[in-house]
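One structure is given here, and the rest of the page talks about it.
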Amino acid sequence: MVFRKPPDGGWGWVIVVVSFFTQFLCYGSPLAVGVLYLEWLDAFGEGKGKTAWVGSLANGIGLLASPVCSICVSSFGARPVAIFSGFMVAGGLMMSSFAPNIYFLYISYGIVVGLGCGLLYTATVTITCHYFDKRRGLALGLISTGSSLGLFIYAALQKQLIDLYGLDGCLLIVGALSLNILACGSLMRPLESPDSPPAEKTSVEKVPDQYFVYHEKEKTVEENISILEKGYIDEKCANNIPDYKQDSILNKNVLNSISVNEKDSYKKKVVEQTNFCKQLAKRKWQLYLNYWEETMVLFKNKVFSALFVAILLFDIGGFPPSLLMEDVARSANINEDDYHMPLISIIGIMTAVGKLILGILADFKWVNTLYLYVTTLLMTGVALFAIPFAKSYLTLAMLSGILGFLTGNWSIFPYVTTKTVGIEKLTHAYGILMFFAGLGNSLGPPIVGWFYDWTQEYDTAFYFSGFCVLLGGFLLLLAALPCWNACTNQSSKLPPNTYTYKVASSA
């Protein structure tokens, strides 16, 4: 598929709108799973760490499968993947309404819904990056606010639906709403060059010659006889020579010659088919080798290597508040009359604001997006250290707003990745980074829950979370220091596929 230059507008704004609603519909319930988390604790009576696996899997499994999701989007396109994933998300939510135990939810809500969300996220980010270049930060910020707005609305919506229809009815209704993803996915038209050759012609031209030889010989004996007879009869009719004896003699000779050579032709076809399969397997194996070689080249980039460590530690420490903040407030014995708004809703609306503002800042040439991302990590670590000292709804609400705003750095993460490895390697590199992000999402909430089960308080857990985020931020800051550029400039030659990070001001 041949792509033309990103138009930075036009149909790209339609892509932004449908990607916004796609993330709104698919991530609304998984991000607001903290409301469901309290209901599952009461319904199944399991421990906090064990129950937290449901929400962590829903938010982490899709990111863990990001390399597979990237391959699916690259192979089939964003539109087919989005439509298929819409069925997965809706089906998983509806199946969860019939869950008899927590283990069933691991599969229906954690794996099915989570994998569908991962496919949709990769599809929306990839197609948006193809449509935008100069305004990529703004476009990514807009579509990523969809998940944050979904968190804000679904937190209150699911709570209201639970009060009216119970937990099962809530999941059924939310699953039905997710079917609107199919309409959004149908509008994700790929950015193809209008003068590119048709797919059918291109695919035929790339088929090796042996493939045609094999199919030309793949005719039965009766078909060969009929062709020879037809050609001979046409020749006799053209010459007006009715020689029936010669016809019968020729037919016998044809039958004898074909029966003698039938075994030889069959052996040739087997040999040709075997050679074709060997060549095909060899090409596929070479593609896999190239994939791992490109992966190793990516890790030679010090910023990329530090980036994957930072995103892993950030998700281990930074994701649990969005899932467990409601239980933190309940454990602190905060009076429900003091609640003016669910804490998860505050996180959601401030995450939307953060994604939008940080996405706009990333488009300014004087802003170094990597340092901006590092700043959000360090501030997140400090805010996590402050959670154990919050003993009132007001302080928890303020910290929830700060954490939500800083979590909006997700909108600039694809931007940082693109600047680090280049647009050509975006899908490959982003899939690898999202794998580690998913690993952090999957491990973070259960670890915090286990800390509570062991100590019967959240203080130690959030000290651990804050340390993880600060460590990742300092490592990334160390890798991005300008002093490393002098060492890089001393190298006369770099591998052709190696990319180094350039600050926005020098771009």
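Residues in the structure tokens are named by chain (A, B, ... in the order shown) and by number from 1 within that chain; ligands are numbered from 1 in the order shown.
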**OP:** Please provide as a list in words all residues within 8 Å of Thr351 of chain A, with the sequence filter that same-chain residues fewer than 3 positions apart are discarded (counting only C-alpha atoms).
**Re:** Thr145, Ser148, Ile347, Gly348, Gly354, Lys355, Gly401, Leu403, Gly404, Phe405, Leu406, Thr407 and Gly408 of chain A
Write a file of the selected residues as a PDB file, in the first residue's frame, keeping C-alpha atoms.
ATOM      1  CA  THR A 145      -9.296  12.723  25.259  1.00  0.00           C
ATOM      2  CA  SER A 148     -10.612  10.290  29.382  1.00  0.00           C
ATOM      3  CA  ILE A 347      -9.339  11.704  37.291  1.00  0.00           C
ATOM      4  CA  GLY A 348     -11.134  11.225  33.969  1.00  0.00           C
ATOM      5  CA  GLY A 354      -4.115  17.134  30.427  1.00  0.00           C
ATOM      6  CA  LYS A 355      -4.092  15.246  27.135  1.00  0.00           C
ATOM      7  CA  GLY A 401      -7.073  15.974  39.640  1.00  0.00           C
ATOM      8  CA  LEU A 403      -2.697  12.679  38.818  1.00  0.00           C
ATOM      9  CA  GLY A 404      -5.360  12.797  36.121  1.00  0.00           C
ATOM     10  CA  PHE A 405      -3.768  15.821  34.451  1.00  0.00           C
ATOM     11  CA  LEU A 406      -0.288  14.252  34.540  1.00  0.00           C
ATOM     12  CA  THR A 407      -1.635  10.959  33.205  1.00  0.00           C
ATOM     13  CA  GLY A 408      -2.571  12.974  30.122  1.00  0.00           C
TER      14      GLY A 408
END
**OP:** Please provide as a VMD selection string all residues within 6 Å of Gly114 of chain A, with the sequence filter that same-chain residues fewer than 4 positions apart are discarded (counting only C-alpha atoms).
**Re:** chain A and resid 58 to 59 61 to 62 110
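Put simply, atom CA of Ala78 of chain A is 7.3 Å away from atom CA of Pro190 of chain A.
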**OP:** With a distance cut-off of 8 Å and only C-alpha atoms, select the neighbouring residues of Tyr371 of chain A, excluding the residue or stretch itself and same-chain residues fewer than 4 positions from it, and output the selection as a ChimeraX atom specification.
**Re:** /A:375,477,480
Original post:
Val469 of chain A: which residues within 10 Å, counting only C-alpha atoms, same-chain residues fewer than 3 positions away excluded, as an MDAnalysis selection string?
Top reply: chainID A and resid 310:318 376:382 384 464:466 472:474
Original post:
Could you work out how far atom CA of Thr128 of chain A lies from atom CA of Val81 of chain A, giving the answer in Å with one decimal?
Top reply: 14.6 Å
Subject >> Residue with smallest distance to Tyr121 of chain A - pool A:Leu356, A:Leu164, A:Met434, A:Leu171, counting only C-alpha atoms >> reply: A:Met434
**OP:** Skip Ala123 of chain A itself and residues of its chain fewer than 4 positions away, then list as a ChimeraX atom specification all residues within 9 Å of it, counting only C-alpha atoms.
**Re:** /A:19,69-70,73,77-79,81-82,118-119,127-128
Subject >> Non-local contacts of Thr124 of chain A (12 Å; only C-alpha atoms; under 3 positions in same chain excluded) as JSON, numbers by chain >> reply: {"A": [12, 14, 15, 16, 17, 18, 19, 20, 21, 22, 23, 24, 26, 69, 70, 73, 77, 78, 79, 80, 81, 82, 83, 85, 117, 118, 119, 120, 121, 127, 128, 129, 130, 131, 139, 140, 141, 142, 143, 144, 146, 147, 181, 184, 185, 187, 188, 189, 190, 414, 427]}
**OP:** Enter the distance from atom CA of Val448 of chain A to atom CA of Ile107 of chain A, in Å, rounded to one decimal.
**Re:**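 Separation between atom CA of Val448 of chain A and atom CA of Ile107 of chain A: 21.6 Å.
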Subject >> From A:Asp327, A:Asp8, A:Glu293, A:Glu424, residue lying nearest Glu457 of chain A [only C-alpha atoms] >> reply: A:Asp327
